[in-house]
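Report on one structure; see the data block that follows.
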Amino acid sequence: MQNGTEKSLPLIAVQNTMVFPLTSLFLVIGRKMSVRALEAAQSDGGRVIVAAQIPIGKDLAEIDPTKIFTFGTLCELRSIHGNEKTGFQVLVSGRVRFKINRITEKENYLEATGEEDPDECVLDAESAALSNNIKIFTRQLLELRPGTDKTISGVIEESNKCDEIVYHSASYLNLDVVQMHELLSEASIKQKMKKILEWIGREREVFLLEKDIREKVGKRLNTAQREGLLREQLQAIKEELGESKSNKQADLSERIKKAQMPKEVEKVAMQEYDRLSSMHYSSPEFQVIENYLDWLCALPWNVSTEDIFDLKQSEIILEKQHYGLPKIKRRILEHLAVAKLTGNQKGPILCLVGPPGVGKTSLGRSIADAMGRKFIRVSLGGVRDTSDIRGHRRTYIGSMPGRIIQNIKRAGVNNPVMLLDEIDKLGSSFMGDPSSAMLEVLDPEQNNTFVDNFLDVSFDLSQIFFITTANRLDTIPEPLRDRMEIIELSSYTLNEKIHIGEKFILPMARIDAGLSLTDVSLSSDLLGFVIEGYTREAGVRELKRVLSSVCRAWAFRKLKDVDKTLFIDKKMLEEFLGPPKFLRSQRLRNWVPGLATGLAWTPVGGDVLFLESLKAAGKGELKLTGQLGDVMKESAEIGLSYICSRLNHLDPDFSCQKFDIHLHIPAGAIPKDGPSAGITIATCLASLIINKEVDQDLAMTGELTLSGSVLPVGGIKEKVLAAHRYKIKRVILPKGNEKDLYEVPEEIRKEMEFISVDSMDEVLELTLNMTQAMAALWSSTPQAEILTS
């Protein structure tokens with residue numbers, strides 16, 4: 001019965017077969033229009049119409065929309081493998097019958113429009129009788145087929161639904177595509193059942209007749225022929241099954257006993273082993289069960305490494321491999337201390353958040369070394385399928401456990417340090433949301449009974465020390481963030497980078513270039529020159545590349561000028577690396593009224609923004625450029641409204657409606673957003689309107705409200721470090737951010753002056769001496785000139 005609601009879905013036309021509702025089938029798709037339809041279905045929830053082409057005696061390379069049967073099946077895509085060159089192997093699951101009213105051509109694919117037409121199952125005595133007969137005849141037919149898995153009939157016999165019995169039975173019959181469509185298009189479920197019974201009976205008679213013919217022919221063979229034939233068959237059976245199978249099964253039995261599985265897991269393993277022992281090797285399930293038991297036996301159910309509880313030794317290892325990072329080091333030592341006192345070795349779940357290059361990933365290996373545990377890294381960047389985390393169910397061909405179980409097997413212990421890298425870059429698709437699958441993995445109250453879809457038994461993850469890394473928190477779902485202990489790793493200061501370069505990066509670069517310890521000796525001043533002149537980053541990744549370039553150039557020069565004594569100085573560094581890329585003079589531009597210096601936070605650390613503004617005669621419009629987001633645009637509008645209101649308060653005759661303002665924030669190719677530039681934008685506009693310069697050695701950050709209040713913002717440490725990199729000495733901050741200055745290294749706090757403010761009026765007095773500037777401007781310049789200057 002049709003539901004009356006038309007819908008349009010991508011159409012895949014198949015030849016010589018058909019997908020029935022409530023059944024699954026592998027399709028090989030290679031024709032261009034079908035491949036495009038497959039892509040369209042992937043982007044639209046994974047739903048597709050599969051219908052058969054009307055046979056014309058030969059396979060068609062192209063699809064003719066007029067030669068497609070009226071009835072098809074609405075299917076869901078379950079898995080996709082392959083490519084356009086070799087063709088795609090697609091597993092589809094039929095959901096409901098679909099009547100096609102019309103077919104239209106879209107962009108290189110066909111779209112079917114029609115209604116769902118589900119079968120109506122009437123539960124009466126006749127239906128029950130027909131169902132029972134179908135079950136009996138199907139079982140008898142499958143018993144006649146050589147090599148058929150007897151479990152197939154079990155699926156049909158266990159079903160109580162008429163349509164499911166009909167379609168499953170039909171899928172095992174040798175029907176041509178016309179008969180398949182005849183069955184699918186039949187409206188009455190009882191008529192379908194009668195057709196199935198007729199076809200089963202006919203096919204059963206054919207098998208019985210063939211068997212009778214084989215028996216008659218066999219009797220005519222003489223004794224020698226029969227004996228030779230039987231011996232050949234016996235030899236083939238021995239070669240195919242032989243000793244290898246029995247040895248493999250005996251080996252599996254021993255491995256199950258030695259795997260030290262929990263009792264409930266061992267019970268499941270023995271049940272599967274018993275099934276394997278009684279199963280024919282040619283059965284499709286034989287390899288599936290054998291692979292499943294291999295996985296169960298290979299997992300470290302009860303194999304652990306002992307933690308190092310020598311806190312002094314652990315501290316030495318952490319200090320030796322990483323400079324700074326006191327928070328995370330203290331947290332690891334605290335965990336070891338608690339584990340030693342309580343005997344509870346349940347691993348914590350830490351999330352290291354920070355810009356690229358600050359050592360988040362390498363820190364995971366150091367933690368493993370300090371604890372005496374094995375280390376495994378799982379990359380989550382770009383993962384878009386929940387099966388990557390929780391595994392595939394064994395019903396699919398080529399199924400396997402998820403990445404968590406795979407890496408535990410690789411580690412060989414059940415308590416490694418597991419680094420889940422780039423957790424903020426998990427994706428999602430019609431195949432699920434992997435971040436939801438991570439909820440159970442990273443929940444200390446649940447992960448002791450983690451169930452992988454492939455294993456289908458629980459595995460204890462609570463002993464694992466989980467560490468996740470991320471560049472930003474806002475892309476991690478809130479429920480997932482709530483399960484992790486967040487530890488933020490900030491940008492490195494210049495002194496920290498110099499120390500890291502001297503102690504860690506330069507020695508490794510020398511070894512990689514084949515140099516000795518006396519080669520490429522850089523003083524702290526020269527290393528500082530390299531850092532400031534050739535890198536601008538929160539971490540030290542670019543510094544590593546630059547120092548590697550210096551060592552390679554030194555190695556070449558050393559071999560070329562063997563007789564010369566070489567010394568590294570600034571001149572030689574510039575010869576190796578070229579002129580410095582970043583110069584302090586870059587910010588010393590033609591400084592005029594309408595310019596101001598702001599501070600910004602980015603995923604790669606802090607940065608300095610130089611705001612520019614111009615005005616011209618107009619109608620009070622504000623033009624914004626520089627790829628500004630909605631929040632920053634609103635901040636600009638608030639800033640202009642406040643400055644105009646403030647100037648109008650100082651002089652009632654003043655109006656902002658007589659000129660237009662253009663505000664630009666370089667660099668134009670980089671998107672920018674957030675409210676923290678509010679006071680900087682307002683100061684920039686005020687400087688432009690009253691024609692007075694802002695000190696270029698003064699930077700600021702803070703959110704501005706319409707009433708003139710200055711609200712606290714985030715990323716203070718990164719912003720202050722960015723100002724310090726640009727040699728800026730004074731910074732204006734919201735008073736609410738005074739508490740955040742303790743995170744700034746003490747040597748930097750001593751070199752800089754921090755000014756806390758509560759209101760925009762304080763900012764204007766500090767930057768422009770607003771009241772006096774306005775008085776002087778109004779007394780010396782007519783209003784008309786001010787508005788058009």
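FYI, nothing fancy with the structure tokens labels: chains A, B, ... in order, residues from 1 per chain, ligands from 1 as they appear.
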Checklist entry - Using only C-alpha atoms, which residues sit within 9 Å of A:Glu111 once same-chain residues fewer than 6 positions away are excluded, as an NGL selection string? => result :A and (8-12 or 37 or 49 or 102-105)
Produce a file of the selected residues containing C-alpha atoms, as a PDB file, in the first residue's frame.
ATOM      1  CA  SER A   8      13.101  11.726  -5.153  1.00  0.00           C
ATOM      2  CA  LEU A   9      16.316   9.757  -4.602  1.00  0.00           C
ATOM      3  CA  PRO A  10      19.394   8.796  -6.662  1.00  0.00           C
ATOM      4  CA  LEU A  11      18.829   5.687  -8.807  1.00  0.00           C
ATOM      5  CA  ILE A  12      21.320   2.847  -9.319  1.00  0.00           C
ATOM      6  CA  ALA A  37      24.360   8.244  -8.218  1.00  0.00           C
ATOM      7  CA  ILE A  49      16.854   3.425  -5.086  1.00  0.00           C
ATOM      8  CA  ARG A 102       9.208   8.788 -13.289  1.00  0.00           C
ATOM      9  CA  ILE A 103      12.943   8.922 -13.873  1.00  0.00           C
ATOM     10  CA  THR A 104      14.799  12.190 -14.535  1.00  0.00           C
ATOM     11  CA  GLU A 105      18.403  12.871 -15.469  1.00  0.00           C
TER      12      GLU A 105
END
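Contact shell of A:Gly372 at 9 Å (only C-alpha atoms; same-chain neighbours under 4 positions omitted): Thr305, Glu306, Asp307, Ile308, Ser314, Ile367 and Ala368 of chain A.
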Next on the checklist: Report, in Å with one decimal, the straight-line distance from atom CA of A:Lys615 to atom CA of A:Asp660.
Outcome noted: 5.5 Å
Next on the checklist: Let's see if you can do this: from backbone DSSP, list all helix (DSSP H, G or I) residues in stretch 481-729 of chain A, as a PyMOL selection string.
Outcome noted: chain A and resi 481+494-512+524-534+541-560+570-577+584-587+630-650+678-690+716-725
Next on the checklist: With only C-alpha atoms as the counted atoms, please give the residues lying no more than 12 Å from A:Trp554, apart from itself and same-chain residues fewer than 2 positions off, as a PyMOL selection string.
Outcome noted: chain A and resi 509-510+513-516+518-521+547-552+556-562+565-568+572-573+575-577
Write the residues you've just listed into a file as a compact mmCIF listing (two decimals), in the first residue's frame, and include N, CA, C and O atoms for each of them.
# COMPACT_ATOMS: atom_id res chain seq x y z
N ALA A 509 69.95 18.11 15.32
CA ALA A 509 70.22 18.55 13.94
C ALA A 509 71.66 18.22 13.54
O ALA A 509 71.94 17.86 12.40
N ARG A 510 72.60 18.35 14.49
CA ARG A 510 74.01 17.99 14.20
C ARG A 510 74.11 16.50 13.87
O ARG A 510 74.78 16.11 12.92
N ALA A 513 72.82 15.63 10.47
CA ALA A 513 73.68 16.10 9.39
C ALA A 513 75.06 15.45 9.41
O ALA A 513 75.92 15.77 8.58
N GLY A 514 75.30 14.54 10.37
CA GLY A 514 76.59 13.86 10.46
C GLY A 514 77.72 14.73 10.96
O GLY A 514 78.89 14.50 10.62
N LEU A 515 77.40 15.71 11.80
CA LEU A 515 78.41 16.64 12.33
C LEU A 515 78.81 16.24 13.74
O LEU A 515 78.10 15.50 14.43
N SER A 516 79.94 16.77 14.18
CA SER A 516 80.42 16.52 15.53
C SER A 516 79.89 17.58 16.48
O SER A 516 79.28 18.58 16.05
N THR A 518 81.52 19.77 18.06
CA THR A 518 82.21 21.07 17.93
C THR A 518 81.73 21.85 16.72
O THR A 518 82.03 23.03 16.59
N ASP A 519 81.00 21.20 15.83
CA ASP A 519 80.47 21.91 14.66
C ASP A 519 79.20 22.68 15.02
O ASP A 519 78.45 22.29 15.92
N VAL A 520 78.97 23.76 14.29
CA VAL A 520 77.74 24.57 14.42
C VAL A 520 77.49 24.91 15.89
O VAL A 520 76.51 24.47 16.48
N SER A 521 78.37 25.66 16.45
CA SER A 521 78.19 26.13 17.83
C SER A 521 77.59 27.53 17.78
O SER A 521 78.21 28.47 17.29
N LEU A 547 67.25 25.27 11.92
CA LEU A 547 68.53 24.78 12.42
C LEU A 547 69.02 23.57 11.62
O LEU A 547 70.23 23.39 11.43
N SER A 548 68.10 22.74 11.12
CA SER A 548 68.51 21.64 10.24
C SER A 548 69.11 22.18 8.95
O SER A 548 70.10 21.63 8.43
N SER A 549 68.54 23.28 8.43
CA SER A 549 69.09 23.90 7.22
C SER A 549 70.50 24.43 7.48
O SER A 549 71.39 24.29 6.63
N VAL A 550 70.71 25.04 8.64
CA VAL A 550 72.03 25.55 8.99
C VAL A 550 73.05 24.41 9.05
O VAL A 550 74.17 24.52 8.52
N CYS A 551 72.68 23.30 9.68
CA CYS A 551 73.61 22.16 9.81
C CYS A 551 73.91 21.53 8.45
O CYS A 551 75.06 21.14 8.19
N ARG A 552 72.90 21.44 7.58
CA ARG A 552 73.17 20.88 6.26
C ARG A 552 74.11 21.79 5.46
O ARG A 552 75.03 21.32 4.78
N PHE A 556 77.97 20.91 4.06
CA PHE A 556 78.42 21.11 2.68
C PHE A 556 79.67 22.00 2.65
O PHE A 556 80.65 21.69 1.97
N ARG A 557 79.64 23.10 3.40
CA ARG A 557 80.77 24.02 3.43
C ARG A 557 82.01 23.34 4.03
O ARG A 557 83.13 23.56 3.58
N LYS A 558 81.80 22.53 5.05
CA LYS A 558 82.92 21.85 5.70
C LYS A 558 83.65 20.91 4.74
O LYS A 558 84.88 20.84 4.72
N LEU A 559 82.91 20.18 3.93
CA LEU A 559 83.53 19.27 2.97
C LEU A 559 84.13 20.02 1.78
O LEU A 559 85.11 19.58 1.18
N LYS A 560 83.55 21.15 1.45
CA LYS A 560 84.04 21.92 0.31
C LYS A 560 85.33 22.66 0.66
O LYS A 560 86.27 22.72 -0.13
N ASP A 561 85.39 23.27 1.85
CA ASP A 561 86.56 24.05 2.28
C ASP A 561 87.23 23.32 3.44
O ASP A 561 87.18 23.75 4.59
N VAL A 562 87.88 22.18 3.13
CA VAL A 562 88.46 21.34 4.17
C VAL A 562 89.58 22.06 4.91
O VAL A 562 89.74 21.93 6.14
N THR A 565 89.33 27.23 8.40
CA THR A 565 88.68 27.21 9.70
C THR A 565 87.40 28.03 9.60
O THR A 565 87.43 29.19 9.17
N LEU A 566 86.27 27.43 9.99
CA LEU A 566 84.97 28.08 9.81
C LEU A 566 84.41 28.51 11.16
O LEU A 566 84.50 27.79 12.15
N PHE A 567 83.88 29.71 11.19
CA PHE A 567 83.21 30.24 12.38
C PHE A 567 81.83 30.73 11.96
O PHE A 567 81.68 31.36 10.90
N ILE A 568 80.86 30.45 12.78
CA ILE A 568 79.50 30.93 12.47
C ILE A 568 79.27 32.28 13.11
O ILE A 568 79.50 32.46 14.31
N MET A 572 77.43 34.66 8.21
CA MET A 572 77.35 33.31 7.66
C MET A 572 75.93 32.77 7.77
O MET A 572 75.44 32.05 6.87
N LEU A 573 75.23 33.08 8.86
CA LEU A 573 73.84 32.64 8.99
C LEU A 573 72.98 33.20 7.86
O LEU A 573 72.15 32.50 7.29
N GLU A 575 74.07 34.04 5.00
CA GLU A 575 74.50 33.36 3.78
C GLU A 575 73.81 32.01 3.66
O GLU A 575 73.43 31.58 2.56
N PHE A 576 73.65 31.30 4.78
CA PHE A 576 73.00 30.00 4.78
C PHE A 576 71.49 30.11 4.57
O PHE A 576 70.89 29.33 3.83
N LEU A 577 70.88 31.08 5.25
CA LEU A 577 69.42 31.14 5.34
C LEU A 577 68.80 32.27 4.53
O LEU A 577 67.57 32.33 4.41
For A:Leu380, list every protein, DNA or RNA residue within 8 Å, evaluated using only C-alpha atoms, and leave out those in the same chain fewer than 2 positions away; present the list as a short mmCIF file (atom, residue, chain, number, x, y, z; two decimals) with N, CA and C atoms, in the first residue's frame.
data_model
loop_
_atom_site.label_atom_id
_atom_site.label_comp_id
_atom_site.auth_asym_id
_atom_site.auth_seq_id
_atom_site.Cartn_x
_atom_site.Cartn_y
_atom_site.Cartn_z
N VAL A 378 47.55 6.97 18.45
CA VAL A 378 46.42 6.77 17.56
C VAL A 378 46.05 8.12 16.96
N GLY A 382 40.72 13.56 10.91
CA GLY A 382 40.00 13.15 9.71
C GLY A 382 39.16 11.90 9.85
N VAL A 383 39.13 11.26 11.03
CA VAL A 383 38.30 10.07 11.23
C VAL A 383 36.82 10.48 11.17
N LEU A 420 45.86 9.82 21.96
CA LEU A 420 44.84 10.03 20.93
C LEU A 420 45.08 11.41 20.33
N ASP A 421 45.79 11.43 19.21
CA ASP A 421 46.29 12.67 18.62
C ASP A 421 45.20 13.38 17.81
N GLU A 422 45.16 14.71 17.94
CA GLU A 422 44.25 15.57 17.15
C GLU A 422 42.79 15.20 17.37
N ILE A 423 42.37 15.10 18.62
CA ILE A 423 40.98 14.74 18.90
C ILE A 423 40.01 15.85 18.50
N LYS A 425 39.97 17.23 15.71
CA LYS A 425 39.77 17.17 14.26
C LYS A 425 38.97 15.94 13.85
N LEU A 426 38.24 15.34 14.79
CA LEU A 426 37.31 14.26 14.44
C LEU A 426 36.20 14.82 13.57
#
Item to check | Test item: residues at most 12 Å from A:Leu622, only C-alpha atoms, excluding those fewer than 5 positions along its chain, as a VMD selection string | outcome: chain A and resid 613 to 617 633 to 634 636 to 641 656 to 664 685
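The coordinates place atom CA of A:Arg145 at 28.1 Å from atom CA of A:Glu186.
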Next on the checklist: I'd like the neighbourhood of stretch 191-205 of chain A as a PyMOL selection string, where a residue qualifies if any of its atoms comes within 10 Å (using only C-alpha atoms), though same-chain residues fewer than 4 positions away should be ignored.
Outcome noted: chain A and resi 127+130-131+133-135+137-138+140-142+144-145+162-163+165-167+169-170+172-175+179+182-187+209-211
Suppose we keep C-alpha atoms; can you now write the selection as a PDB file, in the first residue's frame?
ATOM      1  CA  SER A 127      -0.669 -16.926   5.850  1.00  0.00           C
ATOM      2  CA  LEU A 130       1.928 -20.735   3.589  1.00  0.00           C
ATOM      3  CA  SER A 131       4.798 -19.521   5.795  1.00  0.00           C
ATOM      4  CA  ASN A 133       5.344 -24.627   3.923  1.00  0.00           C
ATOM      5  CA  ILE A 134       7.892 -22.153   2.587  1.00  0.00           C
ATOM      6  CA  LYS A 135      10.161 -22.869   5.568  1.00  0.00           C
ATOM      7  CA  PHE A 137      10.437 -26.590   1.296  1.00  0.00           C
ATOM      8  CA  THR A 138      13.307 -24.090   1.563  1.00  0.00           C
ATOM      9  CA  GLN A 140      14.606 -29.349   1.862  1.00  0.00           C
ATOM     10  CA  LEU A 141      15.886 -27.460  -1.180  1.00  0.00           C
ATOM     11  CA  LEU A 142      18.989 -26.189   0.628  1.00  0.00           C
ATOM     12  CA  LEU A 144      19.806 -30.903  -1.764  1.00  0.00           C
ATOM     13  CA  ARG A 145      22.397 -28.295  -2.762  1.00  0.00           C
ATOM     14  CA  CYS A 162       5.619 -13.002   6.049  1.00  0.00           C
ATOM     15  CA  ASP A 163       7.505 -10.461   3.918  1.00  0.00           C
ATOM     16  CA  ILE A 165      10.249 -15.092   4.824  1.00  0.00           C
ATOM     17  CA  VAL A 166       9.261 -14.392   1.198  1.00  0.00           C
ATOM     18  CA  TYR A 167      12.210 -12.181   0.319  1.00  0.00           C
ATOM     19  CA  SER A 169      13.598 -17.409   0.406  1.00  0.00           C
ATOM     20  CA  ALA A 170      13.571 -15.667  -2.978  1.00  0.00           C
ATOM     21  CA  TYR A 172      18.317 -18.214  -2.427  1.00  0.00           C
ATOM     22  CA  LEU A 173      16.378 -19.310  -5.516  1.00  0.00           C
ATOM     23  CA  ASN A 174      17.775 -19.341  -9.065  1.00  0.00           C
ATOM     24  CA  LEU A 175      15.365 -16.685 -10.391  1.00  0.00           C
ATOM     25  CA  GLN A 179      10.756 -13.383 -12.105  1.00  0.00           C
ATOM     26  CA  GLU A 182       7.239 -10.222 -10.936  1.00  0.00           C
ATOM     27  CA  LEU A 183       7.610 -11.118  -7.252  1.00  0.00           C
ATOM     28  CA  LEU A 184       8.489  -7.571  -6.163  1.00  0.00           C
ATOM     29  CA  SER A 185       5.625  -5.950  -8.098  1.00  0.00           C
ATOM     30  CA  GLU A 186       2.969  -8.354  -6.801  1.00  0.00           C
ATOM     31  CA  ALA A 187       0.665  -6.415  -4.453  1.00  0.00           C
ATOM     32  CA  LEU A 209      16.009 -35.144 -11.376  1.00  0.00           C
ATOM     33  CA  GLU A 210      19.682 -34.153 -11.645  1.00  0.00           C
ATOM     34  CA  LYS A 211      20.501 -36.316  -8.638  1.00  0.00           C
TER      35      LYS A 211
END
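Each of A:Asp176, A:Glu107, A:Asp443, A:Glu693 was compared to A:Ile464 using only C-alpha atoms, and A:Asp443 turns out to be the nearest.
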Item to check | Exercise: stretch 384-397 of chain A partners within 7 Å, only C-alpha atoms, chain neighbours under 3 positions left out, as a ChimeraX atom specification | outcome: /A:400-404,426-429,431-434,437,452-454
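When only C-alpha atoms are used to compute distances to A:Thr535, the closest of the residues A:Phe582, A:Met632, A:Arg36, A:Leu650 turns out to be A:Phe582.
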Checklist entry - Which value, in Å to one decimal, gives the distance between atom CA of A:Ala128 and atom CA of A:Ser171? => result 20.5 Å
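Distance check against A:Tyr323 using only C-alpha atoms: of A:Lys497, A:Lys739, A:Lys99, A:Lys619, the minimum falls on A:Lys497.
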